[in-house]
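*Asks:* Input protein08.cif, format and content: mmCIF, C-alpha atoms.
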```cif
data_model
#
loop_
_atom_site.label_atom_id
_atom_site.label_comp_id
_atom_site.auth_asym_id
_atom_site.auth_seq_id
_atom_site.Cartn_x
_atom_site.Cartn_y
_atom_site.Cartn_z
CA MET M 1 -10.93 60.22 -70.38
CA THR M 2 -13.23 59.30 -67.52
CA SER M 3 -11.48 57.78 -64.55
CA ILE M 4 -12.83 56.89 -61.13
CA GLU M 5 -11.53 55.40 -57.91
CA VAL M 6 -13.49 52.77 -56.03
CA SER M 7 -12.87 50.74 -52.93
CA ALA M 8 -14.48 47.64 -51.49
CA LYS M 9 -13.60 44.61 -49.42
CA THR M 10 -12.17 42.66 -52.33
CA VAL M 11 -10.74 43.56 -55.72
CA GLU M 12 -13.65 41.82 -57.47
CA GLU M 13 -16.22 43.74 -55.48
CA ALA M 14 -14.50 47.04 -56.16
CA LEU M 15 -14.36 46.25 -59.87
CA GLU M 16 -18.03 45.35 -60.00
CA LYS M 17 -18.97 48.48 -58.10
CA GLY M 18 -16.90 50.69 -60.39
CA LEU M 19 -18.25 49.13 -63.59
CA LYS M 20 -21.78 49.68 -62.35
CA GLN M 21 -20.99 53.28 -61.60
CA LEU M 22 -19.45 53.85 -65.04
CA GLY M 23 -22.09 51.85 -66.87
CA VAL M 24 -19.58 49.90 -68.97
CA LYS M 25 -18.29 46.36 -69.24
CA LYS M 26 -14.93 45.07 -68.05
CA GLU M 27 -13.53 45.00 -71.59
CA ASN M 28 -13.92 48.75 -71.96
CA VAL M 29 -11.96 49.85 -68.91
CA GLN M 30 -8.39 49.75 -67.78
CA THR M 31 -7.99 48.58 -64.20
CA GLU M 32 -5.24 49.69 -61.92
CA ILE M 33 -4.98 48.28 -58.42
CA LEU M 34 -4.08 51.06 -56.01
CA SER M 35 -4.12 48.90 -52.92
CA GLU M 36 -4.69 45.22 -52.32
CA PRO M 37 -6.86 44.15 -49.46
CA ALA M 38 -4.43 43.16 -46.74
CA GLN M 39 -5.95 40.33 -44.84
CA GLY M 40 -4.27 40.78 -41.50
CA LEU M 41 -4.00 38.15 -38.86
CA PHE M 42 -7.55 38.48 -37.67
CA LYS M 43 -10.48 38.63 -39.99
CA PHE M 44 -11.77 41.99 -38.89
CA LEU M 45 -8.80 43.67 -37.35
CA GLY M 46 -6.54 45.83 -39.40
CA SER M 47 -7.87 44.70 -42.76
CA LYS M 48 -7.29 47.15 -45.57
CA THR M 49 -9.82 47.64 -48.34
CA ALA M 50 -9.14 47.05 -52.01
CA LYS M 51 -8.81 50.25 -53.95
CA LEU M 52 -8.96 50.42 -57.74
CA ARG M 53 -8.71 53.07 -60.36
CA LEU M 54 -10.84 52.41 -63.43
CA THR M 55 -10.29 54.32 -66.63
CA VAL M 56 -12.70 54.11 -69.51
CA ILE M 57 -10.60 53.26 -72.57
CA LYS M 58 -13.40 52.97 -75.10
CA ASP M 59 -16.42 55.21 -75.33
CA THR M 60 -19.50 54.32 -77.35
CA GLU M 61 -18.11 55.93 -80.50
CA GLU M 62 -14.82 54.07 -80.39
CA TYR M 63 -16.49 50.83 -79.40
CA ILE M 64 -18.85 50.85 -82.38
CA LYS M 65 -16.06 51.82 -84.76
CA ASP M 66 -13.91 48.92 -83.54
CA PHE M 67 -16.84 46.52 -83.61
CA LEU M 68 -17.79 47.24 -87.22
CA GLU M 69 -14.18 47.52 -88.36
CA LYS M 70 -13.47 44.05 -87.02
CA ILE M 71 -16.52 42.58 -88.79
CA VAL M 72 -15.66 44.27 -92.08
CA ASN M 73 -12.08 42.98 -91.83
CA ILE M 74 -13.12 39.41 -91.10
CA ILE M 75 -15.59 39.43 -93.99
CA GLY M 76 -12.64 40.55 -96.04
CA VAL M 77 -13.76 43.71 -97.79
CA ASN M 78 -12.03 47.03 -97.91
CA GLY M 79 -14.22 49.44 -96.04
CA HIS M 80 -13.24 52.60 -94.28
CA ILE M 81 -15.39 53.36 -91.25
CA ASN M 82 -16.21 56.80 -90.04
CA VAL M 83 -18.33 57.44 -86.95
CA VAL M 84 -19.88 60.87 -86.48
CA PRO M 85 -22.32 61.72 -83.70
CA ASN M 86 -25.24 63.60 -85.27
CA ASP M 87 -27.33 66.46 -83.86
CA GLU M 88 -29.54 64.18 -81.79
CA GLY M 89 -26.50 62.48 -80.29
CA ASN M 90 -26.95 59.32 -82.33
CA LEU M 91 -23.93 57.67 -83.87
CA HIS M 92 -23.91 57.95 -87.62
CA VAL M 93 -21.63 55.32 -89.14
CA GLU M 94 -20.50 55.62 -92.72
CA ILE M 95 -18.71 52.81 -94.46
CA LYS M 96 -16.91 53.86 -97.62
CA GLY M 97 -14.96 51.79 -100.08
CA GLU M 98 -15.16 49.68 -103.19
CA ASP M 99 -17.13 46.51 -103.75
CA LEU M 100 -19.17 46.89 -100.60
CA GLY M 101 -22.24 45.28 -102.17
CA VAL M 102 -21.68 42.19 -100.07
CA LEU M 103 -22.07 44.33 -96.93
CA ILE M 104 -25.31 45.82 -98.19
CA GLY M 105 -26.95 42.58 -99.29
CA LYS M 106 -30.22 42.08 -101.10
CA ARG M 107 -32.36 45.18 -100.51
CA GLY M 108 -30.06 46.24 -97.70
CA ASN M 109 -30.58 43.05 -95.69
CA THR M 110 -26.98 42.74 -94.55
CA LEU M 111 -26.71 46.46 -93.91
CA ASN M 112 -29.81 46.32 -91.72
CA ALA M 113 -28.50 43.26 -89.87
CA LEU M 114 -25.20 45.07 -89.20
CA GLN M 115 -27.04 48.11 -87.91
CA TYR M 116 -29.27 45.98 -85.72
CA LEU M 117 -26.32 44.05 -84.23
CA ALA M 118 -24.40 47.28 -83.61
CA ASN M 119 -27.35 48.63 -81.62
CA VAL M 120 -27.83 45.44 -79.60
CA VAL M 121 -24.13 45.22 -78.81
CA LEU M 122 -24.01 48.88 -77.80
CA TYR M 123 -26.73 48.26 -75.23
CA ARG M 124 -24.95 45.14 -73.95
CA GLN M 125 -21.59 46.84 -73.50
CA PHE M 126 -22.83 50.09 -72.04
CA THR M 127 -25.65 50.18 -69.52
CA ALA M 128 -27.07 53.50 -70.64
CA PRO M 129 -25.59 54.56 -73.96
CA ASN M 130 -28.50 56.93 -74.65
CA CYS M 131 -27.95 56.80 -78.37
CA ARG M 132 -28.68 54.71 -81.42
CA VAL M 133 -26.41 53.58 -84.21
CA LEU M 134 -27.31 54.37 -87.81
CA VAL M 135 -25.22 52.62 -90.44
CA ASP M 136 -24.95 53.61 -94.07
CA ILE M 137 -22.74 52.19 -96.78
CA GLU M 138 -21.74 54.28 -99.79
CA ASN M 139 -24.90 56.41 -99.38
CA TYR M 140 -27.06 53.34 -99.97
CA ARG M 141 -29.81 54.64 -97.70
CA SER M 142 -30.22 58.02 -99.37
CA LYS M 143 -30.11 56.41 -102.83
CA ARG M 144 -32.70 53.85 -101.78
CA LYS M 145 -34.86 56.64 -100.36
CA LYS M 146 -34.84 58.43 -103.71
CA THR M 147 -35.67 55.21 -105.55
CA LEU M 148 -38.59 54.53 -103.24
CA GLU M 149 -39.91 58.08 -103.57
CA ASN M 150 -39.84 57.81 -107.36
CA LEU M 151 -41.46 54.39 -107.23
CA ALA M 152 -44.20 55.74 -104.98
CA ARG M 153 -44.95 58.66 -107.29
CA ASN M 154 -45.01 56.49 -110.41
CA LEU M 155 -47.28 53.92 -108.84
CA ALA M 156 -49.61 56.63 -107.54
CA GLN M 157 -49.99 57.85 -111.13
CA LYS M 158 -50.75 54.34 -112.26
CA VAL M 159 -53.41 53.92 -109.57
CA LEU M 160 -54.97 57.20 -110.66
CA ARG M 161 -55.05 56.06 -114.28
CA THR M 162 -56.38 52.57 -113.71
CA LYS M 163 -58.54 53.37 -110.65
CA LYS M 164 -57.42 50.04 -109.24
CA GLU M 165 -55.52 49.44 -106.03
CA LEU M 166 -51.95 48.24 -106.21
CA ALA M 167 -49.85 46.17 -103.83
CA LEU M 168 -46.13 46.82 -103.46
CA GLU M 169 -43.59 44.17 -102.58
CA PRO M 170 -42.91 43.57 -98.86
CA MET M 171 -40.72 46.20 -97.21
CA ASN M 172 -39.34 46.90 -93.77
CA PRO M 173 -40.98 49.59 -91.57
CA GLN M 174 -38.42 52.29 -92.47
CA GLU M 175 -38.97 51.79 -96.18
CA ARG M 176 -42.76 51.69 -95.84
CA ARG M 177 -42.56 54.93 -93.92
CA ILE M 178 -40.80 56.58 -96.86
CA ILE M 179 -43.62 55.52 -99.22
CA HIS M 180 -46.34 56.66 -96.81
CA LEU M 181 -44.66 60.04 -96.34
CA THR M 182 -44.14 60.56 -100.07
CA LEU M 183 -47.82 60.02 -100.82
CA LYS M 184 -49.16 61.74 -97.71
CA ASN M 185 -50.06 64.88 -99.64
CA TYR M 186 -51.57 63.14 -102.65
CA ARG M 187 -55.29 63.80 -102.46
CA ASP M 188 -56.44 61.11 -104.87
CA VAL M 189 -54.70 58.07 -103.42
CA VAL M 190 -54.55 56.45 -99.98
CA THR M 191 -51.74 54.27 -98.67
CA SER M 192 -52.16 51.51 -96.12
CA SER M 193 -50.14 48.53 -94.94
CA GLN M 194 -51.26 44.94 -95.05
CA GLY M 195 -49.93 41.59 -93.82
CA GLU M 196 -47.57 40.57 -91.07
CA GLU M 197 -43.88 41.31 -90.68
CA PRO M 198 -41.59 40.58 -92.44
CA TYR M 199 -44.01 40.35 -95.38
CA ARG M 200 -45.94 43.50 -94.56
CA LYS M 201 -46.54 45.51 -97.67
CA ILE M 202 -48.10 48.74 -98.81
CA ILE M 203 -51.34 49.01 -100.73
CA ILE M 204 -51.96 52.14 -102.75
CA SER M 205 -55.64 52.62 -103.51
CA PRO M 206 -57.69 55.33 -105.21
CA ARG M 207 -59.62 57.51 -102.82
CA MET S 1 -16.17 32.76 -90.58
CA LYS S 2 -15.71 30.91 -87.33
CA GLU S 3 -13.88 33.97 -86.07
CA LEU S 4 -16.78 36.18 -87.12
CA VAL S 5 -19.39 34.20 -85.19
CA GLU S 6 -17.08 34.06 -82.18
CA TYR S 7 -16.41 37.79 -82.23
CA ILE S 8 -20.04 38.85 -82.54
CA ALA S 9 -21.24 36.30 -79.97
CA LYS S 10 -18.64 37.46 -77.46
CA ALA S 11 -19.81 41.04 -77.82
CA LEU S 12 -23.41 39.97 -77.17
CA VAL S 13 -23.05 37.83 -74.05
CA ASP S 14 -22.30 38.29 -70.37
CA TYR S 15 -19.82 35.42 -70.28
CA PRO S 16 -17.58 35.82 -73.35
CA GLU S 17 -15.09 33.28 -71.98
CA GLN S 18 -17.76 30.59 -72.33
CA VAL S 19 -18.36 31.21 -76.02
CA ILE S 20 -17.28 28.23 -78.11
CA VAL S 21 -17.66 27.88 -81.87
CA GLU S 22 -17.00 24.61 -83.59
CA GLN S 23 -16.66 24.28 -87.31
CA VAL S 24 -18.00 21.19 -89.02
CA GLU S 25 -16.92 21.00 -92.65
CA GLY S 26 -19.18 19.42 -95.18
CA GLU S 27 -18.55 18.97 -98.89
CA ARG S 28 -19.94 22.26 -99.99
CA SER S 29 -21.27 23.63 -96.75
CA VAL S 30 -19.92 24.55 -93.37
CA ILE S 31 -21.80 24.24 -90.12
CA LEU S 32 -20.80 26.54 -87.32
CA GLU S 33 -21.98 25.36 -83.93
CA LEU S 34 -22.23 28.14 -81.41
CA LYS S 35 -22.23 27.28 -77.73
CA VAL S 36 -22.73 29.87 -75.01
CA ALA S 37 -23.40 29.83 -71.27
CA PRO S 38 -27.00 28.75 -70.52
CA GLU S 39 -27.76 32.21 -69.11
CA ASP S 40 -26.62 33.74 -72.38
CA MET S 41 -28.82 31.69 -74.70
CA GLY S 42 -31.46 34.39 -74.94
CA LYS S 43 -28.80 37.02 -75.61
CA VAL S 44 -27.64 35.37 -78.83
CA ILE S 45 -31.13 34.41 -79.98
CA GLY S 46 -33.12 37.53 -79.15
CA LYS S 47 -36.84 38.17 -79.29
CA GLN S 48 -38.35 35.92 -81.96
CA GLY S 49 -34.84 35.01 -83.01
CA ARG S 50 -34.05 38.50 -84.27
CA ILE S 51 -30.45 38.54 -83.07
CA ALA S 52 -29.76 35.03 -84.37
CA LYS S 53 -31.26 36.05 -87.71
CA ALA S 54 -29.09 39.16 -87.96
CA LEU S 55 -26.03 37.12 -87.01
CA ARG S 56 -26.81 34.57 -89.75
CA THR S 57 -27.33 37.35 -92.29
CA VAL S 58 -23.91 38.85 -91.56
CA VAL S 59 -22.23 35.42 -91.59
CA ASN S 60 -23.89 34.68 -94.93
CA ALA S 61 -22.31 37.82 -96.35
CA ALA S 62 -18.91 36.45 -95.35
CA ALA S 63 -19.86 33.09 -96.88
CA ILE S 64 -20.77 34.66 -100.21
CA LYS S 65 -17.32 36.21 -100.27
CA GLU S 66 -15.81 32.74 -99.86
CA ASN S 67 -18.30 31.01 -102.13
CA LYS S 68 -19.58 28.69 -99.45
CA ARG S 69 -22.82 27.77 -97.76
CA VAL S 70 -22.73 28.37 -94.06
CA MET S 71 -25.19 27.40 -91.39
CA VAL S 72 -25.00 28.79 -87.90
CA GLU S 73 -26.53 26.57 -85.28
CA ILE S 74 -26.97 27.59 -81.70
CA ILE S 75 -26.72 24.53 -79.52
CA GLN S 76 -27.21 23.84 -75.82
#
```
Could you show the structure in this file as structure tokens?

*Replies:*
Amino acid sequence: MTSIEVSAKTVEEALEKGLKQLGVKKENVQTEILSEPAQGLFKFLGSKTAKLRLTVIKDTEEYIKDFLEKIVNIIGVNGHINVVPNDEGNLHVEIKGEDLGVLIGKRGNTLNALQYLANVVLYRQFTAPNCRVLVDIENYRSKRKKTLENLARNLAQKVLRTKKELALEPMNPQERRIIHLTLKNYRDVVTSSQGEEPYRKIIISPR
Amino acid sequence: MKELVEYIAKALVDYPEQVIVEQVEGERSVILELKVAPEDMGKVIGKQGRIAKALRTVVNAAAIKENKRVMVEIIQ
């Protein structure tokens, strides 16, 4: 575990200096006072500096696990949380368990909100976490991806048959991306997006 | 649910000790009033209210579990 020693005129200053150096917030370190600033009789004569040892007790991985675990517990569902850093160094969070529909929400709304909050909090607690949090619950994201790919292919066929353009229901950017990518190689249809967030939707039209 | 708002808000702000949540019970609904330090207002609201919206979405999930209507209000 990372541990550093810092000294400054006062304990508070030393703490602030150390936290800045580590890039974490007070809650994520253990503070040990090695020496108190002795004030001495005269202000400047014989005054000792404050010396602290700061040890990081929670890294990004542990912090995010605790954060989501706490939320899941308060909501009152039984979810087991597993955090795995992936190849790009991002934190991949998987929540497994039964009856987790409430955590996913309508079209993944709650899941996306959880993921968004986890990312915001990560950047508030650590100055330079250099990673993102990706949350999935019971493989919802991969299942949804398959559903969207199938939907895209079916609708592309329909557009080809009817020669009329078709509007899909509003989707978030990640989901629209899946549709665009699925139909990228279709020569006879074109996909485009229309409208403003959060109602932006895809239009599939014949070429 | 009060605990949930408190926990998430504290993780978002610079002054967690100034986070206060008050619960106002109605007949079928609950209002949770979130108070934070003035400097932290933006941190719980976010650009175009994105953080506040995400917070409300998560709290609503907890509300569904308890069969209640919950409103989260951020007050000065």

*Asks:* Could you give me, as JSON lines, a per-residue list for chain M showing, wherever an atom lies at most 10 Å from an atom of chain S, the closest pair of atoms and their distance in Å to one decimal, using only C-alpha atoms and sorting by chain then residue number from low to high?

*Replies:*
```
{"residue": "M:Lys25", "atom": "CA", "partner": "S:Asp14", "partner_atom": "CA", "distance": 9.1}
{"residue": "M:Glu27", "atom": "CA", "partner": "S:Ala11", "partner_atom": "CA", "distance": 9.7}
{"residue": "M:Phe67", "atom": "CA", "partner": "S:Ile8", "partner_atom": "CA", "distance": 8.4}
{"residue": "M:Leu68", "atom": "CA", "partner": "S:Ile8", "partner_atom": "CA", "distance": 9.9}
{"residue": "M:Lys70", "atom": "CA", "partner": "S:Tyr7", "partner_atom": "CA", "distance": 8.4}
{"residue": "M:Ile71", "atom": "CA", "partner": "S:Leu4", "partner_atom": "CA", "distance": 6.6}
{"residue": "M:Val72", "atom": "CA", "partner": "S:Ala62", "partner_atom": "CA", "distance": 9.1}
{"residue": "M:Asn73", "atom": "CA", "partner": "S:Leu4", "partner_atom": "CA", "distance": 9.5}
{"residue": "M:Ile74", "atom": "CA", "partner": "S:Leu4", "partner_atom": "CA", "distance": 6.3}
{"residue": "M:Ile75", "atom": "CA", "partner": "S:Ala62", "partner_atom": "CA", "distance": 4.7}
{"residue": "M:Gly76", "atom": "CA", "partner": "S:Ala62", "partner_atom": "CA", "distance": 7.5}
{"residue": "M:Val77", "atom": "CA", "partner": "S:Lys65", "partner_atom": "CA", "distance": 8.7}
{"residue": "M:Gly101", "atom": "CA", "partner": "S:Ala61", "partner_atom": "CA", "distance": 9.5}
{"residue": "M:Val102", "atom": "CA", "partner": "S:Ala61", "partner_atom": "CA", "distance": 5.8}
{"residue": "M:Leu103", "atom": "CA", "partner": "S:Ala61", "partner_atom": "CA", "distance": 6.5}
{"residue": "M:Ile104", "atom": "CA", "partner": "S:Ala61", "partner_atom": "CA", "distance": 8.7}
{"residue": "M:Gly105", "atom": "CA", "partner": "S:Ala61", "partner_atom": "CA", "distance": 7.3}
{"residue": "M:Asn109", "atom": "CA", "partner": "S:Thr57", "partner_atom": "CA", "distance": 7.4}
{"residue": "M:Thr110", "atom": "CA", "partner": "S:Val58", "partner_atom": "CA", "distance": 5.8}
{"residue": "M:Leu111", "atom": "CA", "partner": "S:Val58", "partner_atom": "CA", "distance": 8.4}
{"residue": "M:Asn112", "atom": "CA", "partner": "S:Ala54", "partner_atom": "CA", "distance": 8.1}
{"residue": "M:Ala113", "atom": "CA", "partner": "S:Ala54", "partner_atom": "CA", "distance": 4.6}
{"residue": "M:Leu114", "atom": "CA", "partner": "S:Val58", "partner_atom": "CA", "distance": 6.8}
{"residue": "M:Gln115", "atom": "CA", "partner": "S:Ala54", "partner_atom": "CA", "distance": 9.2}
{"residue": "M:Tyr116", "atom": "CA", "partner": "S:Ala54", "partner_atom": "CA", "distance": 7.2}
{"residue": "M:Leu117", "atom": "CA", "partner": "S:Ala54", "partner_atom": "CA", "distance": 6.7}
{"residue": "M:Ala118", "atom": "CA", "partner": "S:Ile8", "partner_atom": "CA", "distance": 9.6}
{"residue": "M:Val120", "atom": "CA", "partner": "S:Leu12", "partner_atom": "CA", "distance": 7.4}
{"residue": "M:Val121", "atom": "CA", "partner": "S:Leu12", "partner_atom": "CA", "distance": 5.5}
{"residue": "M:Leu122", "atom": "CA", "partner": "S:Ala11", "partner_atom": "CA", "distance": 8.9}
{"residue": "M:Tyr123", "atom": "CA", "partner": "S:Leu12", "partner_atom": "CA", "distance": 9.1}
{"residue": "M:Arg124", "atom": "CA", "partner": "S:Leu12", "partner_atom": "CA", "distance": 6.3}
{"residue": "M:Gln125", "atom": "CA", "partner": "S:Ala11", "partner_atom": "CA", "distance": 7.4}
```

*Asks:* Report, in Å to a single decimal, how far apart CA of Pro16 in chain S and CA of Val11 in chain M are.

*Replies:* 20.4 Å

*Asks:* Just so the selection is clear, what residues does the PyMOL selection byres ((chain S and resi 30) around 12) cover here, as an mmCIF file with C-alpha atoms, in the frame of the given file?

*Replies:*
```cif
data_model
loop_
_atom_site.group_PDB
_atom_site.id
_atom_site.type_symbol
_atom_site.label_atom_id
_atom_site.label_comp_id
_atom_site.auth_asym_id
_atom_site.auth_seq_id
_atom_site.Cartn_x
_atom_site.Cartn_y
_atom_site.Cartn_z
ATOM 1 C CA MET S 1 -16.170 32.760 -90.580
ATOM 2 C CA LYS S 2 -15.710 30.910 -87.330
ATOM 3 C CA GLU S 22 -17.000 24.610 -83.590
ATOM 4 C CA GLN S 23 -16.660 24.280 -87.310
ATOM 5 C CA VAL S 24 -18.000 21.190 -89.020
ATOM 6 C CA GLU S 25 -16.920 21.000 -92.650
ATOM 7 C CA GLY S 26 -19.180 19.420 -95.180
ATOM 8 C CA GLU S 27 -18.550 18.970 -98.890
ATOM 9 C CA ARG S 28 -19.940 22.260 -99.990
ATOM 10 C CA SER S 29 -21.270 23.630 -96.750
ATOM 11 C CA ILE S 31 -21.800 24.240 -90.120
ATOM 12 C CA LEU S 32 -20.800 26.540 -87.320
ATOM 13 C CA GLU S 33 -21.980 25.360 -83.930
ATOM 14 C CA VAL S 59 -22.230 35.420 -91.590
ATOM 15 C CA ASN S 60 -23.890 34.680 -94.930
ATOM 16 C CA ALA S 63 -19.860 33.090 -96.880
ATOM 17 C CA GLU S 66 -15.810 32.740 -99.860
ATOM 18 C CA ASN S 67 -18.300 31.010 -102.130
ATOM 19 C CA LYS S 68 -19.580 28.690 -99.450
ATOM 20 C CA ARG S 69 -22.820 27.770 -97.760
ATOM 21 C CA VAL S 70 -22.730 28.370 -94.060
ATOM 22 C CA MET S 71 -25.190 27.400 -91.390
ATOM 23 C CA VAL S 72 -25.000 28.790 -87.900
ATOM 24 C CA GLU S 73 -26.530 26.570 -85.280
#
```

*Asks:* Just the number, please: distance in Å from CA of Leu34 in chain S to CA of Asn119 in chain M, one decimal.

*Replies:*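 Those two atoms sit 21.1 Å apart.
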
*Asks:* If you measure from CA of Gly49 in chain S to CA of Lys145 in chain M, what distance in Å do you get, rounded to one decimal?

*Replies:*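 Interatomic distance, CA of Gly49 in chain S to CA of Lys145 in chain M: 27.7 Å.
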
*Asks:* Near Gln76 in chain S, within 8 Å and counting all atoms listed in the file, which residues show up once chain neighbours fewer than 2 positions away are dropped, as a PDB file with C-alpha atoms, keeping the file's coordinate frame?

*Replies:*
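Result file follows (out_39.pdb):
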```
ATOM      1  CA  LYS S  35     -22.230  27.280 -77.730  1.00  0.00           C
ATOM      2  CA  VAL S  36     -22.730  29.870 -75.010  1.00  0.00           C
ATOM      3  CA  PRO S  38     -27.000  28.750 -70.520  1.00  0.00           C
ATOM      4  CA  ILE S  74     -26.970  27.590 -81.700  1.00  0.00           C
TER       5      ILE S  74
END
```

*Asks:* Which residues fall under the PyMOL selection byres ((chain M and resi 17) around 12) in this file, as a VMD selection string?

*Replies:* chain M and resid 4 to 16 18 to 26 50 to 54

*Asks:* May I have the selected residues written with C-alpha atoms, as a PDB file, keeping the file's coordinate frame?

*Replies:*
```
ATOM      1  CA  ILE M   4     -12.830  56.890 -61.130  1.00  0.00           C
ATOM      2  CA  GLU M   5     -11.530  55.400 -57.910  1.00  0.00           C
ATOM      3  CA  VAL M   6     -13.490  52.770 -56.030  1.00  0.00           C
ATOM      4  CA  SER M   7     -12.870  50.740 -52.930  1.00  0.00           C
ATOM      5  CA  ALA M   8     -14.480  47.640 -51.490  1.00  0.00           C
ATOM      6  CA  LYS M   9     -13.600  44.610 -49.420  1.00  0.00           C
ATOM      7  CA  THR M  10     -12.170  42.660 -52.330  1.00  0.00           C
ATOM      8  CA  VAL M  11     -10.740  43.560 -55.720  1.00  0.00           C
ATOM      9  CA  GLU M  12     -13.650  41.820 -57.470  1.00  0.00           C
ATOM     10  CA  GLU M  13     -16.220  43.740 -55.480  1.00  0.00           C
ATOM     11  CA  ALA M  14     -14.500  47.040 -56.160  1.00  0.00           C
ATOM     12  CA  LEU M  15     -14.360  46.250 -59.870  1.00  0.00           C
ATOM     13  CA  GLU M  16     -18.030  45.350 -60.000  1.00  0.00           C
ATOM     14  CA  GLY M  18     -16.900  50.690 -60.390  1.00  0.00           C
ATOM     15  CA  LEU M  19     -18.250  49.130 -63.590  1.00  0.00           C
ATOM     16  CA  LYS M  20     -21.780  49.680 -62.350  1.00  0.00           C
ATOM     17  CA  GLN M  21     -20.990  53.280 -61.600  1.00  0.00           C
ATOM     18  CA  LEU M  22     -19.450  53.850 -65.040  1.00  0.00           C
ATOM     19  CA  GLY M  23     -22.090  51.850 -66.870  1.00  0.00           C
ATOM     20  CA  VAL M  24     -19.580  49.900 -68.970  1.00  0.00           C
ATOM     21  CA  LYS M  25     -18.290  46.360 -69.240  1.00  0.00           C
ATOM     22  CA  LYS M  26     -14.930  45.070 -68.050  1.00  0.00           C
ATOM     23  CA  ALA M  50      -9.140  47.050 -52.010  1.00  0.00           C
ATOM     24  CA  LYS M  51      -8.810  50.250 -53.950  1.00  0.00           C
ATOM     25  CA  LEU M  52      -8.960  50.420 -57.740  1.00  0.00           C
ATOM     26  CA  ARG M  53      -8.710  53.070 -60.360  1.00  0.00           C
ATOM     27  CA  LEU M  54     -10.840  52.410 -63.430  1.00  0.00           C
TER      28      LEU M  54
END
```

*Asks:* Could you expand the PyMOL selection byres ((chain M and resi 165) around 9) into the explicit residues it covers here, written as a ChimeraX atom specification?

*Replies:* /M:159,162-164,166-167,203-206

*Asks:* Kindly provide, as AutoDock Vina command-line options, the centre and edge lengths (Å, one decimal) of an axis-aligned box around all atoms of range 25-34 of chain S given in the file, with 4 Å on each side.

*Replies:*
```
--center_x -19.6 --center_y 23.6 --center_z -90.7 --size_x 13.3 --size_y 17.2 --size_z 26.6
```

*Asks:* Measuring between all atoms listed in the file, which one of M:Thr182, M:Thr55, M:Asn86, M:Asn28 shows the shortest distance to Lys146 in chain M?

*Replies:*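 Of all the options, M:Thr182 lies closest to Lys146 in chain M.
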
*Asks:* Which one is closest to Asn90 in chain M: M:Pro37, M:Pro198, M:Pro129, M:Gly108? Count only C-alpha atoms.

*Replies:*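 Checking each candidate against Asn90 in chain M, we get M:Pro129 as the closest.
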
*Asks:* Which residues, protein or nucleic acid, reach to within 6 Å of (-16.4, 31.0, -79.7) in the file's coordinates when using all atoms listed in the file, and can you give that as a list in words?

*Replies:* Glu6, Val19, Ile20 and Val21 of chain S

*Asks:* Please identify all polymer residues within 10 Å of Glu149 in chain M, counting all atoms listed in the file, omitting same-chain residues fewer than 4 positions from it, and present them as an NGL selection string.

*Replies:* :M and (143-145 or 153-155 or 175 or 178-183)
